[in-house]
$ cat start-v9.tsv   # TSV, C-alpha atoms
chain	number	residue	atom	x	y	z
H	179	ILE	CA	93.70	119.48	113.65
H	180	ILE	CA	94.57	123.03	114.72
H	181	ASP	CA	98.07	123.29	113.27
H	182	PHE	CA	99.74	121.85	110.16
H	183	ALA	CA	103.37	122.31	109.12
H	184	GLU	CA	105.04	121.15	105.90
H	185	LYS	CA	108.30	119.25	106.65
H	186	PRO	CA	109.21	121.07	109.90
H	187	THR	CA	112.69	120.72	111.36
H	188	GLY	CA	114.51	121.51	114.61
H	189	ASP	CA	112.49	123.29	117.29
H	190	GLU	CA	109.50	123.63	114.96
H	191	LEU	CA	109.36	119.86	114.64
H	192	LYS	CA	109.83	119.27	118.36
H	193	ALA	CA	106.99	121.69	119.13
H	194	MET	CA	104.61	119.45	117.18
H	195	GLN	CA	104.96	116.46	119.50
H	196	VAL	CA	101.56	115.38	120.84
H	197	ASP	CA	100.01	112.60	122.91
H	198	THR	CA	99.19	110.13	120.14
H	199	THR	CA	97.35	107.78	122.53
H	200	VAL	CA	94.27	109.84	121.60
H	201	LEU	CA	94.51	108.21	118.16
H	202	GLY	CA	94.42	104.71	119.62
H	203	LEU	CA	98.12	103.98	120.12
H	204	THR	CA	99.34	102.32	123.28
H	205	ALA	CA	101.46	104.37	125.69
H	206	GLU	CA	104.58	102.55	124.47
H	207	GLU	CA	103.70	103.13	120.80
H	208	ALA	CA	102.88	106.78	121.50
H	209	LYS	CA	106.28	107.31	123.12
H	210	ALA	CA	108.01	105.95	120.01
H	211	MET	CA	105.69	107.86	117.62
H	212	PRO	CA	104.89	111.28	119.15
H	213	TYR	CA	104.04	112.97	115.84
H	214	ILE	CA	100.95	112.94	113.66
H	215	ALA	CA	102.60	112.73	110.24
H	216	SER	CA	100.69	113.34	107.03
H	217	MET	CA	100.69	110.67	104.32
H	218	GLY	CA	99.73	113.32	101.77
H	219	ILE	CA	96.31	111.73	101.15
H	220	TYR	CA	93.42	114.15	101.57
H	221	VAL	CA	89.64	113.77	101.32
H	222	PHE	CA	87.55	116.92	100.90
H	223	LYS	CA	83.90	117.81	100.70
H	224	LYS	CA	83.44	119.14	97.21
H	225	THR	CA	81.94	122.40	98.45
H	226	ALA	CA	84.87	123.04	100.81
H	227	LEU	CA	87.45	122.20	98.15
H	228	VAL	CA	85.85	124.51	95.57
H	229	GLU	CA	85.57	127.29	98.12
H	230	LEU	CA	89.24	127.00	99.13
H	231	LEU	CA	90.68	126.69	95.63
H	232	LYS	CA	88.40	129.04	93.75
H	233	ASP	CA	87.42	131.71	96.25
H	234	LYS	CA	89.85	131.86	99.16
H	235	MET	CA	93.18	130.66	97.74
H	236	PRO	CA	93.06	130.91	93.93
H	237	ASP	CA	96.82	131.47	93.67
H	238	SER	CA	97.87	128.52	95.86
H	239	ASN	CA	99.37	125.37	94.35
H	240	ASP	CA	100.34	123.08	97.22
H	241	PHE	CA	97.97	121.20	99.51
H	242	GLY	CA	100.46	120.34	102.25
H	243	GLY	CA	102.24	123.69	102.30
H	244	GLU	CA	99.34	126.07	101.65
H	245	ILE	CA	95.79	124.73	101.42
H	246	ILE	CA	95.65	122.46	104.50
H	247	PRO	CA	97.45	124.87	106.91
H	248	THR	CA	95.22	127.75	105.85
H	249	ALA	CA	92.08	125.62	106.16
H	250	ALA	CA	93.05	124.62	109.72
H	251	GLU	CA	93.84	128.22	110.68
H	252	SER	CA	90.58	129.48	109.15
H	253	GLY	CA	88.34	127.24	111.23
H	254	TYR	CA	87.53	124.53	108.71
H	255	LYS	CA	86.88	121.11	110.20
H	256	VAL	CA	90.21	119.42	109.50
H	257	GLN	CA	90.53	115.95	110.98
H	258	CYS	CA	93.02	113.10	110.74
H	259	TYR	CA	92.60	109.34	110.52
H	260	LEU	CA	95.11	107.01	112.15
H	261	PHE	CA	96.70	104.70	109.59
H	262	ASN	CA	99.05	102.47	111.53
H	263	ASP	CA	100.16	100.12	108.77
H	264	TYR	CA	102.51	100.00	105.77
H	265	TRP	CA	103.31	103.28	104.07
H	266	GLU	CA	106.48	104.62	102.48
H	267	ASP	CA	107.45	108.04	101.22
H	268	ILE	CA	108.82	107.56	97.70
H	269	GLY	CA	109.57	111.19	96.97
H	270	THR	CA	113.26	110.63	96.18
H	271	ILE	CA	115.14	108.25	93.90
H	272	LYS	CA	116.67	106.52	96.93
H	273	SER	CA	113.38	106.03	98.80
H	274	PHE	CA	111.58	104.88	95.62
H	275	PHE	CA	114.35	102.38	94.91
H	276	GLU	CA	114.55	101.00	98.45
H	277	ALA	CA	110.76	100.72	98.87
H	278	ASN	CA	110.43	98.67	95.68
H	279	LEU	CA	113.33	96.33	96.42
H	280	ALA	CA	111.97	95.79	99.94
H	281	LEU	CA	108.88	94.16	98.39
H	282	ALA	CA	111.08	91.27	97.22
H	283	GLN	CA	112.62	90.60	100.63
H	284	GLN	CA	111.46	87.81	102.90
H	285	PRO	CA	109.40	88.58	104.81
H	286	PRO	CA	108.41	91.76	102.93
H	287	ARG	CA	107.20	94.84	104.81
H	288	PHE	CA	104.13	94.76	102.59
H	289	GLU	CA	102.59	91.49	101.47
H	290	PHE	CA	100.93	91.32	98.04
H	291	TYR	CA	99.96	87.68	98.51
H	292	ASP	CA	97.21	88.01	101.09
H	293	ALA	CA	94.30	85.66	100.38
H	294	GLU	CA	91.91	87.78	102.45
H	295	ASN	CA	92.96	91.08	100.87
H	296	PRO	CA	94.08	90.32	97.30
H	297	ILE	CA	95.84	92.97	95.22
H	298	TYR	CA	95.02	93.01	91.52
H	299	THR	CA	97.14	94.66	88.82
H	300	SER	CA	95.57	96.20	85.75
H	301	PRO	CA	95.06	93.55	83.03
H	302	ARG	CA	98.01	93.43	80.64
H	303	PHE	CA	96.96	90.43	78.53
H	304	LEU	CA	100.58	89.29	78.39
H	305	PRO	CA	102.00	85.76	78.46
H	306	PRO	CA	103.53	84.44	81.68
H	307	ALA	CA	107.23	84.95	82.31
H	308	LYS	CA	109.61	82.62	80.49
H	309	ILE	CA	112.59	81.72	82.70
H	310	THR	CA	115.19	79.29	81.36
H	311	GLN	CA	118.10	77.98	83.45
H	312	CYS	CA	118.29	81.05	85.67
H	313	LYS	CA	119.48	81.41	89.24
H	314	MET	CA	117.11	83.66	91.16
H	315	SER	CA	116.60	84.68	94.78
H	316	GLN	CA	114.46	87.28	96.57
H	317	SER	CA	113.15	88.77	93.35
H	318	ILE	CA	109.85	89.62	91.70
H	319	VAL	CA	109.34	88.91	87.99
H	320	SER	CA	106.45	90.46	86.09
H	321	HIS	CA	104.37	89.45	83.06
H	322	GLY	CA	105.84	88.76	79.67
H	323	VAL	CA	109.48	88.56	80.82
H	324	ASP	CA	112.00	86.46	78.86
H	325	MET	CA	115.13	85.48	80.82
H	326	SER	CA	117.74	82.91	79.96
H	327	ASP	CA	120.78	81.52	81.80
H	328	CYS	CA	121.25	84.57	84.05
H	329	ILE	CA	121.56	85.49	87.73
H	330	VAL	CA	118.98	87.72	89.41
H	331	GLU	CA	119.18	88.54	93.13
H	332	ASN	CA	117.20	91.01	95.24
H	333	SER	CA	115.71	92.64	92.15
H	334	ILE	CA	112.46	93.61	90.44
H	335	ILE	CA	112.12	92.59	86.78
H	336	GLY	CA	109.32	94.53	85.11
H	337	LEU	CA	106.93	93.55	82.36
H	338	ARG	CA	108.26	92.56	78.90
H	339	SER	CA	111.87	92.67	80.11
H	340	ARG	CA	114.44	90.76	78.05
H	341	ILE	CA	117.49	89.56	80.00
H	342	GLY	CA	120.29	87.99	77.97
H	343	LYS	CA	122.40	84.94	78.71
H	344	GLY	CA	125.12	85.36	81.29
H	345	ALA	CA	123.69	88.60	82.66
H	346	ASP	CA	124.22	89.18	86.40
H	347	ILE	CA	121.62	91.48	87.96
H	348	ARG	CA	121.61	92.25	91.68
H	349	ASP	CA	119.97	94.94	93.82
H	350	THR	CA	118.36	96.38	90.72
H	351	MET	CA	114.97	97.53	89.51
H	352	VAL	CA	114.29	96.92	85.83
H	353	ILE	CA	111.10	98.80	84.92
H	354	GLY	CA	110.52	96.83	81.69
H	355	ALA	CA	109.27	97.81	78.25
H	356	ASP	CA	106.15	99.19	76.58
H	357	TYR	CA	106.46	96.87	73.60
H	358	TYR	CA	108.07	93.69	72.27
H	359	GLU	CA	110.65	93.49	69.54
H	360	SER	CA	110.35	90.48	67.26
H	361	GLU	CA	113.25	88.05	66.98
H	362	GLU	CA	113.76	89.27	63.40
H	363	ASP	CA	113.95	92.91	64.54
H	364	ARG	CA	116.41	92.02	67.31
H	365	ALA	CA	118.59	90.04	64.91
H	366	GLN	CA	118.66	92.92	62.43
H	367	LEU	CA	119.60	95.38	65.18
H	368	LEU	CA	122.45	93.17	66.35
H	369	ALA	CA	123.68	92.60	62.81
H	370	SER	CA	123.80	96.35	62.17
H	371	GLY	CA	125.60	97.10	65.45
H	372	GLY	CA	122.48	98.27	67.28
H	373	VAL	CA	121.24	97.35	70.73
H	374	PRO	CA	117.86	95.62	71.28
H	375	VAL	CA	115.54	96.57	74.14
H	376	GLY	CA	116.55	94.89	77.39
H	377	ILE	CA	119.79	93.84	79.03
H	378	GLY	CA	122.38	92.25	76.79
H	379	GLU	CA	124.31	89.03	77.22
H	380	GLY	CA	127.10	89.00	79.79
H	381	SER	CA	126.21	92.36	81.34
H	382	THR	CA	126.61	93.01	85.06
H	383	ILE	CA	124.16	95.39	86.75
H	384	ARG	CA	124.32	96.45	90.42
H	385	ASN	CA	122.36	98.97	92.47
H	386	CYS	CA	120.57	100.37	89.41
H	387	ILE	CA	117.20	101.52	88.17
H	388	VAL	CA	116.76	100.66	84.49
H	389	ASP	CA	113.91	102.76	83.13
H	390	LYS	CA	111.44	101.68	80.44
H	391	ASN	CA	112.57	100.70	76.96
H	392	ALA	CA	116.24	101.10	77.86
H	393	ARG	CA	118.74	99.25	75.67
H	394	ILE	CA	121.80	97.93	77.48
H	395	GLY	CA	124.31	96.22	75.23
H	396	LYS	CA	126.41	93.11	75.70
H	397	ASN	CA	129.13	92.83	78.36
H	398	CYS	CA	128.30	96.14	80.03
H	399	VAL	CA	129.33	96.69	83.65
H	400	LEU	CA	127.08	99.17	85.48
H	401	VAL	CA	128.20	98.92	89.12
H	402	ASN	CA	129.28	102.49	89.99
H	403	LYS	CA	132.72	101.10	90.84
H	404	GLU	CA	134.03	104.54	91.92
H	405	GLY	CA	131.18	105.00	94.42
H	406	ILE	CA	129.96	108.27	92.90
H	407	GLU	CA	127.07	109.76	94.89
H	408	GLU	CA	125.74	112.39	92.48
H	409	ALA	CA	126.38	112.82	88.75
H	410	ASN	CA	124.56	114.07	85.66
H	411	MET	CA	125.47	112.03	82.61
H	412	GLU	CA	122.26	112.21	80.62
H	413	ASP	CA	124.23	112.55	77.38
H	414	GLN	CA	125.59	109.06	78.11
H	415	GLY	CA	122.15	107.66	78.98
H	416	PHE	CA	122.19	107.71	82.77
H	417	TYR	CA	122.62	109.73	85.95
H	418	ILE	CA	123.48	108.92	89.57
H	419	ARG	CA	121.50	109.94	92.65
H	420	SER	CA	122.49	108.87	96.19
H	421	GLY	CA	124.87	106.35	94.64
H	422	ILE	CA	122.08	104.72	92.60
H	423	VAL	CA	122.64	104.55	88.84
H	424	THR	CA	119.51	105.30	86.81
H	425	VAL	CA	119.52	104.31	83.14
H	426	LEU	CA	117.17	106.71	81.38
H	427	ARG	CA	114.02	105.79	79.52
H	428	ASN	CA	114.78	104.85	75.90
H	429	ALA	CA	118.52	105.21	76.57
H	430	VAL	CA	121.01	103.21	74.52
H	431	ILE	CA	124.06	101.92	76.39
H	432	ALA	CA	126.66	100.62	73.95
H	433	ASP	CA	128.28	97.19	74.18
H	434	GLY	CA	131.12	97.04	76.70
H	435	THR	CA	130.20	100.22	78.59
H	436	VAL	CA	131.80	100.30	82.07
H	437	LEU	CA	130.64	102.56	84.92
$ encode --input "start-v9.tsv" --output "C-alpha cells"
Amino acid sequence: IIDFAEKPTGDELKAMQVDTTVLGLTAEEAKAMPYIASMGIYVFKKTALVELLKDKMPDSNDFGGEIIPTAAESGYKVQCYLFNDYWEDIGTIKSFFEANLALAQQPPRFEFYDAENPIYTSPRFLPPAKITQCKMSQSIVSHGVDMSDCIVENSIIGLRSRIGKGADIRDTMVIGADYYESEEDRAQLLASGGVPVGIGEGSTIRNCIVDKNARIGKNCVLVNKEGIEEANMEDQGFYIRSGIVTVLRNAVIADGTVL
C-alpha cells in the first residue's frame, strides 16, 4: 500500500480506483469492486506500533485517518489482505440496526449455523427461552427469554427479555436485560404503578431498538407514526435517528405512551 485515505469522496475517491484483479478477483468482480476498502482491522508488529505511537506520532489518535496514512508515506511495509466475504460497517444507528435484523432473514447474509465453522457465544448459564402461544417469523430469540401470546416478526429478541401478552413486535431489535426481576418484584411494581423490565402487555413496537433494561409499559404504541427522521427526546426515554426509534438503556416508558 502506497496511499491510504480516510473516507474519500468525489474526485479523491475516483482517483483511488485500482486493478483489484491483483488481489485475486476475477475481471468481472474487479470491474464491480475497483476499490481496496479498509475494514478497520489492523495487525502490527509490536516494534513498529510502539515506534509509530510513542516516537513518531505521539499526538495522533486515529489509525485510519493518521497512523496508517503516515506509515505508508514514511516507507513502512503496509500491506493488505483480501477479505471477500461477509462484513458490514455498523458505525451508524441505521447500519447497526439493519445489519442485525438481516441476520434473521432467510437466507441470511451471514450464517451462524455452519456445522464446519461453528460460532460460539460466551457462556451465560441461562435457561432456554420460554415461548408460549406466540406467532413468530424470521426472528432470533436469545437465552433466558420469556414470551407469551405475542407476535414477533423480523426481529431480534435479546437475552432475558420479557415480552407480555398481546405485544406485537416487528422490525425491532430488543437488546435484553442484565438481570431478572422476580415475579414478586414485578407484581409489586405493577401494583404501585411502576413498569417492570421488558415490554408490557398489548404494546406495539415497530422499527425500534430497545436498549438494555428498558421498561416499556402496557398498551404503548412505538411506531413513529409521523415518520420523524431525527429527534432528541432523551427526557422522554428515547430518540430517533434515520427514522429508527431507540429506547434508551434503563428508560421507563409509561403505560399508554404513543409515538
$ residues_around --input "start-v9.tsv" --residues "Ala282 in chain H" --least-positions-apart "2" --cutoff "6 Å" --atoms "only C-alpha atoms" --output "JSON list (two decimals) with C-alpha atoms, in the coordinates of the input"
[["chain", "number", "residue", "atom", "x", "y", "z"],
["H", 279, "LEU", "CA", 113.33, 96.33, 96.42],
["H", 280, "ALA", "CA", 111.97, 95.79, 99.94],
["H", 316, "GLN", "CA", 114.46, 87.28, 96.57],
["H", 317, "SER", "CA", 113.15, 88.77, 93.35],
["H", 318, "ILE", "CA", 109.85, 89.62, 91.70]]
$ atom_distance --input "start-v9.tsv" --atom1 "CA of Ile341 in chain H" --atom2 "CA of Asp363 in chain H"
16.2 Å
$ closest_residue --input "start-v9.tsv" --among "H:Thr299, H:Asn402, H:Gln366, H:Ser238" --to "Ile383 in chain H" --atoms "only C-alpha atoms"
H:Asn402
$ residues_around --input "start-v9.tsv" --residues "range 415-423 of chain H" --least-positions-apart "2" --cutoff "8 Å" --atoms "all atoms listed in the file" --output "VMD selection string"
chain H and resid 271 to 272 385 to 387 400 to 402 405 to 413 425 to 426 429 to 431
$ atom_distance --input "start-v9.tsv" --atom1 "CA of Asp433 in chain H" --atom2 "CA of Asn397 in chain H"
6.1 Å
$ closest_atom_pairs --input "start-v9.tsv" --of "range 262-373 of chain H" --to "range 216-233 of chain H" --cutoff "9 Å" --atoms "only C-alpha atoms" --output "tab-separated table"
residue	atom	partner	partner_atom	distance
H:Trp265	CA	H:Met217	CA	7.8
H:Glu266	CA	H:Met217	CA	8.6
H:Asp267	CA	H:Met217	CA	7.9
$ closest_residue --input "start-v9.tsv" --among "H:Ile309, H:Ala392, H:Val373, H:Ile329" --to "Gly354 in chain H" --atoms "all atoms listed in the file"
H:Ala392
$ residues_around --input "start-v9.tsv" --residues "Val319 in chain H" --least-positions-apart "5" --cutoff "9 Å" --atoms "all atoms listed in the file" --output "PyMOL selection string"
chain H and resi 307+333-337
$ write_last_selection --input "start-v9.tsv" --atoms "C-alpha atoms" --output "compact mmCIF listing (two decimals), in the frame of the given file"
# COMPACT_ATOMS: atom_id res chain seq x y z
CA ALA H 307 107.23 84.95 82.31
CA SER H 333 115.71 92.64 92.15
CA ILE H 334 112.46 93.61 90.44
CA ILE H 335 112.12 92.59 86.78
CA GLY H 336 109.32 94.53 85.11
CA LEU H 337 106.93 93.55 82.36
$ atom_distance --input "start-v9.tsv" --atom1 "CA of Asp389 in chain H" --atom2 "CA of Phe275 in chain H"
11.8 Å
$ axis_aligned_box --input "start-v9.tsv" --around "range 233-246 of chain H" --padding-each-side "5 Å" --output "AutoDock Vina command-line options"
--center_x 94.8 --center_y 126.1 --center_z 99.1 --size_x 24.8 --size_y 21.5 --size_z 20.8
$ residues_around --input "start-v9.tsv" --residues "Gly202 in chain H" --least-positions-apart "6" --cutoff "10 Å" --atoms "all atoms listed in the file" --output "list in words"
Ala208, Leu260 and Asn262 of chain H
$ residues_around --input "start-v9.tsv" --residues "Val399 in chain H" --least-positions-apart "6" --cutoff "7 Å" --atoms "only C-alpha atoms" --output "list in words"
Ser381, Thr382, Ile383, Thr435, Val436 and Leu437 of chain H
$ closest_residue --input "start-v9.tsv" --among "H:Arg364, H:Lys396, H:Arg348, H:Arg302" --to "Gly380 in chain H" --atoms "all atoms listed in the file"
H:Lys396
$ residues_near_point --input "start-v9.tsv" --point "(122.9, 85.3, 74.7)" --cutoff "10 Å" --atoms "all atoms listed in the file" --output "PyMOL selection string"
chain H and resi 325-328+341-345+378-380+396
